[in-house]
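Engineer: Structure file input-v5.cif (mmCIF, N, CA and C atoms) right here:
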```cif
data_my_file
#
loop_
_atom_site.label_atom_id
_atom_site.label_comp_id
_atom_site.auth_asym_id
_atom_site.auth_seq_id
_atom_site.Cartn_x
_atom_site.Cartn_y
_atom_site.Cartn_z
N MET A 1 -10.43 -28.51 17.19
CA MET A 1 -9.73 -29.73 16.85
C MET A 1 -8.31 -29.64 17.41
N PRO A 2 -8.00 -30.37 18.48
CA PRO A 2 -6.64 -30.37 19.01
C PRO A 2 -5.66 -31.02 18.03
N ILE A 3 -4.51 -30.38 17.88
CA ILE A 3 -3.44 -30.92 17.05
C ILE A 3 -2.20 -31.01 17.93
N VAL A 4 -1.60 -32.20 17.98
CA VAL A 4 -0.45 -32.46 18.83
C VAL A 4 0.71 -32.92 17.96
N THR A 5 1.90 -32.39 18.23
CA THR A 5 3.11 -32.89 17.59
C THR A 5 3.99 -33.48 18.69
N ILE A 6 4.36 -34.73 18.52
CA ILE A 6 5.25 -35.41 19.45
C ILE A 6 6.61 -35.50 18.78
N LYS A 7 7.59 -34.79 19.35
CA LYS A 7 8.94 -34.79 18.82
C LYS A 7 9.74 -35.81 19.62
N GLN A 8 10.42 -36.72 18.92
CA GLN A 8 11.08 -37.81 19.63
C GLN A 8 12.18 -38.43 18.79
N LEU A 9 12.99 -39.23 19.47
CA LEU A 9 13.91 -40.11 18.77
C LEU A 9 13.07 -41.20 18.12
N PRO A 10 13.58 -41.90 17.14
CA PRO A 10 12.79 -42.94 16.47
C PRO A 10 12.28 -43.99 17.46
N ARG A 11 11.03 -44.36 17.28
CA ARG A 11 10.38 -45.40 18.09
C ARG A 11 9.66 -46.35 17.14
N ASP A 12 9.43 -47.57 17.61
CA ASP A 12 8.74 -48.54 16.77
C ASP A 12 7.24 -48.22 16.74
N VAL A 13 6.57 -48.78 15.75
CA VAL A 13 5.16 -48.46 15.52
C VAL A 13 4.27 -48.87 16.69
N THR A 14 4.65 -49.90 17.43
CA THR A 14 3.85 -50.33 18.59
C THR A 14 3.83 -49.24 19.65
N ARG A 15 4.97 -48.64 19.93
CA ARG A 15 5.02 -47.57 20.93
C ARG A 15 4.27 -46.33 20.46
N LYS A 16 4.41 -46.00 19.18
CA LYS A 16 3.70 -44.84 18.65
C LYS A 16 2.19 -45.08 18.69
N ARG A 17 1.76 -46.29 18.41
CA ARG A 17 0.34 -46.62 18.47
C ARG A 17 -0.19 -46.44 19.90
N ARG A 18 0.56 -46.97 20.88
CA ARG A 18 0.14 -46.83 22.29
C ARG A 18 0.10 -45.37 22.70
N ALA A 19 1.10 -44.61 22.30
CA ALA A 19 1.13 -43.18 22.64
C ALA A 19 -0.05 -42.46 22.01
N ALA A 20 -0.33 -42.75 20.75
CA ALA A 20 -1.45 -42.10 20.05
C ALA A 20 -2.77 -42.41 20.75
N GLU A 21 -2.96 -43.65 21.16
CA GLU A 21 -4.19 -44.03 21.85
C GLU A 21 -4.32 -43.32 23.19
N ALA A 22 -3.22 -43.27 23.96
CA ALA A 22 -3.25 -42.64 25.28
C ALA A 22 -3.46 -41.13 25.19
N VAL A 23 -2.75 -40.48 24.28
CA VAL A 23 -2.88 -39.03 24.13
C VAL A 23 -4.28 -38.68 23.62
N THR A 24 -4.78 -39.45 22.68
CA THR A 24 -6.13 -39.21 22.16
C THR A 24 -7.17 -39.34 23.26
N ALA A 25 -7.08 -40.39 24.06
CA ALA A 25 -8.05 -40.58 25.15
C ALA A 25 -7.98 -39.43 26.15
N ALA A 26 -6.78 -39.01 26.51
CA ALA A 26 -6.62 -37.93 27.49
C ALA A 26 -7.18 -36.61 26.96
N LEU A 27 -6.86 -36.28 25.71
CA LEU A 27 -7.35 -35.02 25.15
C LEU A 27 -8.86 -35.05 24.89
N ALA A 28 -9.38 -36.18 24.46
CA ALA A 28 -10.83 -36.29 24.24
C ALA A 28 -11.57 -36.04 25.55
N ALA A 29 -11.05 -36.57 26.65
CA ALA A 29 -11.67 -36.35 27.96
C ALA A 29 -11.50 -34.90 28.42
N ALA A 30 -10.30 -34.36 28.26
CA ALA A 30 -10.03 -33.00 28.73
C ALA A 30 -10.79 -31.94 27.93
N TYR A 31 -10.91 -32.15 26.63
CA TYR A 31 -11.56 -31.18 25.75
C TYR A 31 -13.04 -31.51 25.51
N ASP A 32 -13.47 -32.65 26.02
CA ASP A 32 -14.84 -33.11 25.81
C ASP A 32 -15.21 -33.06 24.33
N CYS A 33 -14.36 -33.73 23.53
CA CYS A 33 -14.59 -33.76 22.09
C CYS A 33 -14.43 -35.19 21.58
N PRO A 34 -14.96 -35.49 20.42
CA PRO A 34 -14.83 -36.83 19.86
C PRO A 34 -13.37 -37.12 19.51
N PRO A 35 -12.91 -38.34 19.76
CA PRO A 35 -11.53 -38.71 19.48
C PRO A 35 -11.12 -38.49 18.03
N ASP A 36 -12.06 -38.61 17.09
CA ASP A 36 -11.68 -38.48 15.69
C ASP A 36 -11.33 -37.04 15.30
N LEU A 37 -11.56 -36.08 16.19
CA LEU A 37 -11.16 -34.69 15.91
C LEU A 37 -9.73 -34.40 16.34
N ILE A 38 -9.10 -35.32 17.05
CA ILE A 38 -7.75 -35.11 17.57
C ILE A 38 -6.74 -35.62 16.55
N LYS A 39 -5.80 -34.75 16.20
CA LYS A 39 -4.76 -35.09 15.22
C LYS A 39 -3.42 -35.15 15.94
N ILE A 40 -2.66 -36.22 15.68
CA ILE A 40 -1.35 -36.39 16.30
C ILE A 40 -0.32 -36.63 15.20
N PHE A 41 0.76 -35.88 15.26
CA PHE A 41 1.86 -36.03 14.32
C PHE A 41 3.11 -36.43 15.09
N PHE A 42 3.80 -37.43 14.60
CA PHE A 42 5.06 -37.85 15.19
C PHE A 42 6.20 -37.31 14.33
N ALA A 43 7.06 -36.50 14.94
CA ALA A 43 8.25 -35.99 14.26
C ALA A 43 9.44 -36.70 14.87
N GLU A 44 10.10 -37.51 14.08
CA GLU A 44 11.22 -38.30 14.60
C GLU A 44 12.55 -37.73 14.12
N TYR A 45 13.47 -37.66 15.04
CA TYR A 45 14.79 -37.12 14.75
C TYR A 45 15.83 -38.20 15.00
N PRO A 46 16.76 -38.42 14.09
CA PRO A 46 17.79 -39.43 14.30
C PRO A 46 18.70 -39.02 15.46
N PRO A 47 19.29 -40.00 16.15
CA PRO A 47 20.13 -39.71 17.31
C PRO A 47 21.28 -38.74 17.03
N ASP A 48 21.75 -38.67 15.78
CA ASP A 48 22.84 -37.74 15.50
C ASP A 48 22.33 -36.32 15.23
N SER A 49 21.03 -36.12 15.39
CA SER A 49 20.43 -34.79 15.22
C SER A 49 19.79 -34.27 16.51
N VAL A 50 20.07 -34.95 17.63
CA VAL A 50 19.50 -34.57 18.92
C VAL A 50 20.61 -34.58 19.96
N ALA A 51 20.67 -33.52 20.78
CA ALA A 51 21.66 -33.46 21.85
C ALA A 51 20.96 -33.16 23.17
N PHE A 52 21.37 -33.86 24.21
CA PHE A 52 20.90 -33.59 25.58
C PHE A 52 22.13 -33.19 26.37
N GLY A 53 22.09 -32.06 27.03
CA GLY A 53 23.22 -31.62 27.84
C GLY A 53 24.49 -31.45 27.02
N GLY A 54 24.35 -31.09 25.76
CA GLY A 54 25.52 -30.87 24.91
C GLY A 54 26.10 -32.12 24.30
N GLU A 55 25.49 -33.28 24.54
CA GLU A 55 26.00 -34.54 24.01
C GLU A 55 25.00 -35.12 23.01
N LEU A 56 25.49 -35.40 21.81
CA LEU A 56 24.63 -36.04 20.81
C LEU A 56 24.16 -37.38 21.34
N ARG A 57 22.90 -37.70 21.09
CA ARG A 57 22.38 -38.99 21.54
C ARG A 57 23.11 -40.14 20.87
N SER A 58 23.63 -39.93 19.67
CA SER A 58 24.38 -40.99 18.99
C SER A 58 25.70 -41.28 19.69
N ASP A 59 26.19 -40.35 20.51
CA ASP A 59 27.44 -40.55 21.25
C ASP A 59 27.20 -41.06 22.67
N ALA A 60 25.96 -41.10 23.09
CA ALA A 60 25.64 -41.51 24.46
C ALA A 60 25.82 -43.02 24.61
N PRO A 61 26.21 -43.43 25.81
CA PRO A 61 26.37 -44.89 26.04
C PRO A 61 25.06 -45.64 25.97
#
```
As structure tokens, how would this structure be written, given the file I've shared?

Structural biologist:
Amino acid sequence: MPIVTIKQLPRDVTRKRRAAEAVTAALAAAYDCPPDLIKIFFAEYPPDSVAFGGELRSDAP
């Protein structure tokens, strides 16, 4: 049973739904397993808790 964690800045439910569908389809094909065995967890981090290149995302333009 593949388990995937997607770590990201907050996204709306529509984008998460599309991502879940796409990742599930890709893993089901790659692992030759039923889609219902694939588990996906979204871990969302607020912009003031994520830094790229030393700059907090909350400070980015």

Engineer: DSSP on the backbone: what in chain A comes out strand (DSSP E or B), as a list in words?

Structural biologist: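 Selection result, strand (DSSP E or B) within chain A: Ile3, Val4, Thr5, Ile6, Lys7, Gln8, Lys39, Ile40, Phe41, Phe42, Ala43, Glu44, Ala51, Phe52, Glu55 and Leu56 of chain A.
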
Engineer: Run the PyMOL selection byres ((chain A and resi 5) around 8) mentally over the shown coordinates, then write out the matched residues as a PyMOL selection string, using the chain letters and numbers from the document.

Structural biologist: chain A and resi 2-4+6-8+39-43

Engineer: Once you have the residues from the selection above, write them out as a PDB file, in the coordinates of the input, restricted to N, CA and C atoms.

Structural biologist:
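File written: again-v1.pdb
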```pdb
ATOM      1  N   PRO A   2      -8.000 -30.370  18.480  1.00  0.00           N
ATOM      2  CA  PRO A   2      -6.640 -30.370  19.010  1.00  0.00           C
ATOM      3  C   PRO A   2      -5.660 -31.020  18.030  1.00  0.00           C
ATOM      4  N   ILE A   3      -4.510 -30.380  17.880  1.00  0.00           N
ATOM      5  CA  ILE A   3      -3.440 -30.920  17.050  1.00  0.00           C
ATOM      6  C   ILE A   3      -2.200 -31.010  17.930  1.00  0.00           C
ATOM      7  N   VAL A   4      -1.600 -32.200  17.980  1.00  0.00           N
ATOM      8  CA  VAL A   4      -0.450 -32.460  18.830  1.00  0.00           C
ATOM      9  C   VAL A   4       0.710 -32.920  17.960  1.00  0.00           C
ATOM     10  N   ILE A   6       4.360 -34.730  18.520  1.00  0.00           N
ATOM     11  CA  ILE A   6       5.250 -35.410  19.450  1.00  0.00           C
ATOM     12  C   ILE A   6       6.610 -35.500  18.780  1.00  0.00           C
ATOM     13  N   LYS A   7       7.590 -34.790  19.350  1.00  0.00           N
ATOM     14  CA  LYS A   7       8.940 -34.790  18.820  1.00  0.00           C
ATOM     15  C   LYS A   7       9.740 -35.810  19.620  1.00  0.00           C
ATOM     16  N   GLN A   8      10.420 -36.720  18.920  1.00  0.00           N
ATOM     17  CA  GLN A   8      11.080 -37.810  19.630  1.00  0.00           C
ATOM     18  C   GLN A   8      12.180 -38.430  18.790  1.00  0.00           C
ATOM     19  N   LYS A  39      -5.800 -34.750  16.200  1.00  0.00           N
ATOM     20  CA  LYS A  39      -4.760 -35.090  15.220  1.00  0.00           C
ATOM     21  C   LYS A  39      -3.420 -35.150  15.940  1.00  0.00           C
ATOM     22  N   ILE A  40      -2.660 -36.220  15.680  1.00  0.00           N
ATOM     23  CA  ILE A  40      -1.350 -36.390  16.300  1.00  0.00           C
ATOM     24  C   ILE A  40      -0.320 -36.630  15.200  1.00  0.00           C
ATOM     25  N   PHE A  41       0.760 -35.880  15.260  1.00  0.00           N
ATOM     26  CA  PHE A  41       1.860 -36.030  14.320  1.00  0.00           C
ATOM     27  C   PHE A  41       3.110 -36.430  15.090  1.00  0.00           C
ATOM     28  N   PHE A  42       3.800 -37.430  14.600  1.00  0.00           N
ATOM     29  CA  PHE A  42       5.060 -37.850  15.190  1.00  0.00           C
ATOM     30  C   PHE A  42       6.200 -37.310  14.330  1.00  0.00           C
ATOM     31  N   ALA A  43       7.060 -36.500  14.940  1.00  0.00           N
ATOM     32  CA  ALA A  43       8.250 -35.990  14.260  1.00  0.00           C
ATOM     33  C   ALA A  43       9.440 -36.700  14.870  1.00  0.00           C
TER      34      ALA A  43
END
```

Engineer: What does the distance between CA of Arg15 in chain A and CA of Pro47 in chain A come to in Å, to one decimal place?

Structural biologist: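 Pair CA of Arg15 in chain A / CA of Pro47 in chain A returns 17.4 Å.
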
Engineer: For CA of Ala29 in chain A and CA of Thr14 in chain A, quote the distance in Å rounded to one decimal.

Structural biologist: 22.9 Å

Engineer: Just list as an MDAnalysis selection string whatever in chain A DSSP marks as helix (DSSP H, G or I).

Structural biologist: chainID A and resid 13:31 35:37 47:49 57:59

Engineer: Please, could you write that set of residues out with N, CA and C atoms as a PDB file, keeping the file's coordinate frame?

Structural biologist:
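Result written to selection.pdb:
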```pdb
ATOM      1  N   VAL A  13       6.570 -48.780  15.750  1.00  0.00           N
ATOM      2  CA  VAL A  13       5.160 -48.460  15.520  1.00  0.00           C
ATOM      3  C   VAL A  13       4.270 -48.870  16.690  1.00  0.00           C
ATOM      4  N   THR A  14       4.650 -49.900  17.430  1.00  0.00           N
ATOM      5  CA  THR A  14       3.850 -50.330  18.590  1.00  0.00           C
ATOM      6  C   THR A  14       3.830 -49.240  19.650  1.00  0.00           C
ATOM      7  N   ARG A  15       4.970 -48.640  19.930  1.00  0.00           N
ATOM      8  CA  ARG A  15       5.020 -47.570  20.930  1.00  0.00           C
ATOM      9  C   ARG A  15       4.270 -46.330  20.460  1.00  0.00           C
ATOM     10  N   LYS A  16       4.410 -46.000  19.180  1.00  0.00           N
ATOM     11  CA  LYS A  16       3.700 -44.840  18.650  1.00  0.00           C
ATOM     12  C   LYS A  16       2.190 -45.080  18.690  1.00  0.00           C
ATOM     13  N   ARG A  17       1.760 -46.290  18.410  1.00  0.00           N
ATOM     14  CA  ARG A  17       0.340 -46.620  18.470  1.00  0.00           C
ATOM     15  C   ARG A  17      -0.190 -46.440  19.900  1.00  0.00           C
ATOM     16  N   ARG A  18       0.560 -46.970  20.880  1.00  0.00           N
ATOM     17  CA  ARG A  18       0.140 -46.830  22.290  1.00  0.00           C
ATOM     18  C   ARG A  18       0.100 -45.370  22.700  1.00  0.00           C
ATOM     19  N   ALA A  19       1.100 -44.610  22.300  1.00  0.00           N
ATOM     20  CA  ALA A  19       1.130 -43.180  22.640  1.00  0.00           C
ATOM     21  C   ALA A  19      -0.050 -42.460  22.010  1.00  0.00           C
ATOM     22  N   ALA A  20      -0.330 -42.750  20.750  1.00  0.00           N
ATOM     23  CA  ALA A  20      -1.450 -42.100  20.050  1.00  0.00           C
ATOM     24  C   ALA A  20      -2.770 -42.410  20.750  1.00  0.00           C
ATOM     25  N   GLU A  21      -2.960 -43.650  21.160  1.00  0.00           N
ATOM     26  CA  GLU A  21      -4.190 -44.030  21.850  1.00  0.00           C
ATOM     27  C   GLU A  21      -4.320 -43.320  23.190  1.00  0.00           C
ATOM     28  N   ALA A  22      -3.220 -43.270  23.960  1.00  0.00           N
ATOM     29  CA  ALA A  22      -3.250 -42.640  25.280  1.00  0.00           C
ATOM     30  C   ALA A  22      -3.460 -41.130  25.190  1.00  0.00           C
ATOM     31  N   VAL A  23      -2.750 -40.480  24.280  1.00  0.00           N
ATOM     32  CA  VAL A  23      -2.880 -39.030  24.130  1.00  0.00           C
ATOM     33  C   VAL A  23      -4.280 -38.680  23.620  1.00  0.00           C
ATOM     34  N   THR A  24      -4.780 -39.450  22.680  1.00  0.00           N
ATOM     35  CA  THR A  24      -6.130 -39.210  22.160  1.00  0.00           C
ATOM     36  C   THR A  24      -7.170 -39.340  23.260  1.00  0.00           C
ATOM     37  N   ALA A  25      -7.080 -40.390  24.060  1.00  0.00           N
ATOM     38  CA  ALA A  25      -8.050 -40.580  25.150  1.00  0.00           C
ATOM     39  C   ALA A  25      -7.980 -39.430  26.150  1.00  0.00           C
ATOM     40  N   ALA A  26      -6.780 -39.010  26.510  1.00  0.00           N
ATOM     41  CA  ALA A  26      -6.620 -37.930  27.490  1.00  0.00           C
ATOM     42  C   ALA A  26      -7.180 -36.610  26.960  1.00  0.00           C
ATOM     43  N   LEU A  27      -6.860 -36.280  25.710  1.00  0.00           N
ATOM     44  CA  LEU A  27      -7.350 -35.020  25.150  1.00  0.00           C
ATOM     45  C   LEU A  27      -8.860 -35.050  24.890  1.00  0.00           C
ATOM     46  N   ALA A  28      -9.380 -36.180  24.460  1.00  0.00           N
ATOM     47  CA  ALA A  28     -10.830 -36.290  24.240  1.00  0.00           C
ATOM     48  C   ALA A  28     -11.570 -36.040  25.550  1.00  0.00           C
ATOM     49  N   ALA A  29     -11.050 -36.570  26.650  1.00  0.00           N
ATOM     50  CA  ALA A  29     -11.670 -36.350  27.960  1.00  0.00           C
ATOM     51  C   ALA A  29     -11.500 -34.900  28.420  1.00  0.00           C
ATOM     52  N   ALA A  30     -10.300 -34.360  28.260  1.00  0.00           N
ATOM     53  CA  ALA A  30     -10.030 -33.000  28.730  1.00  0.00           C
ATOM     54  C   ALA A  30     -10.790 -31.940  27.930  1.00  0.00           C
ATOM     55  N   TYR A  31     -10.910 -32.150  26.630  1.00  0.00           N
ATOM     56  CA  TYR A  31     -11.560 -31.180  25.750  1.00  0.00           C
ATOM     57  C   TYR A  31     -13.040 -31.510  25.510  1.00  0.00           C
ATOM     58  N   PRO A  35     -12.910 -38.340  19.760  1.00  0.00           N
ATOM     59  CA  PRO A  35     -11.530 -38.710  19.480  1.00  0.00           C
ATOM     60  C   PRO A  35     -11.120 -38.490  18.030  1.00  0.00           C
ATOM     61  N   ASP A  36     -12.060 -38.610  17.090  1.00  0.00           N
ATOM     62  CA  ASP A  36     -11.680 -38.480  15.690  1.00  0.00           C
ATOM     63  C   ASP A  36     -11.330 -37.040  15.300  1.00  0.00           C
ATOM     64  N   LEU A  37     -11.560 -36.080  16.190  1.00  0.00           N
ATOM     65  CA  LEU A  37     -11.160 -34.690  15.910  1.00  0.00           C
ATOM     66  C   LEU A  37      -9.730 -34.400  16.340  1.00  0.00           C
ATOM     67  N   PRO A  47      19.290 -40.000  16.150  1.00  0.00           N
ATOM     68  CA  PRO A  47      20.130 -39.710  17.310  1.00  0.00           C
ATOM     69  C   PRO A  47      21.280 -38.740  17.030  1.00  0.00           C
ATOM     70  N   ASP A  48      21.750 -38.670  15.780  1.00  0.00           N
ATOM     71  CA  ASP A  48      22.840 -37.740  15.500  1.00  0.00           C
ATOM     72  C   ASP A  48      22.330 -36.320  15.230  1.00  0.00           C
ATOM     73  N   SER A  49      21.030 -36.120  15.390  1.00  0.00           N
ATOM     74  CA  SER A  49      20.430 -34.790  15.220  1.00  0.00           C
ATOM     75  C   SER A  49      19.790 -34.270  16.510  1.00  0.00           C
ATOM     76  N   ARG A  57      22.900 -37.700  21.090  1.00  0.00           N
ATOM     77  CA  ARG A  57      22.380 -38.990  21.540  1.00  0.00           C
ATOM     78  C   ARG A  57      23.110 -40.140  20.870  1.00  0.00           C
ATOM     79  N   SER A  58      23.630 -39.930  19.670  1.00  0.00           N
ATOM     80  CA  SER A  58      24.380 -40.990  18.990  1.00  0.00           C
ATOM     81  C   SER A  58      25.700 -41.280  19.690  1.00  0.00           C
ATOM     82  N   ASP A  59      26.190 -40.350  20.510  1.00  0.00           N
ATOM     83  CA  ASP A  59      27.440 -40.550  21.250  1.00  0.00           C
ATOM     84  C   ASP A  59      27.200 -41.060  22.670  1.00  0.00           C
TER      85      ASP A  59
END
```

Engineer: Interatomic distance between CA of Asp32 in chain A and CA of Lys16 in chain A?

Structural biologist: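 A separation of 23.1 Å between them.
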
Engineer: Measuring atom to atom with all atoms listed in the file, identify which of A:Arg17, A:Ser58, A:Thr24, A:Asp12 is nearest to Asp36 in chain A.

Structural biologist: A:Thr24
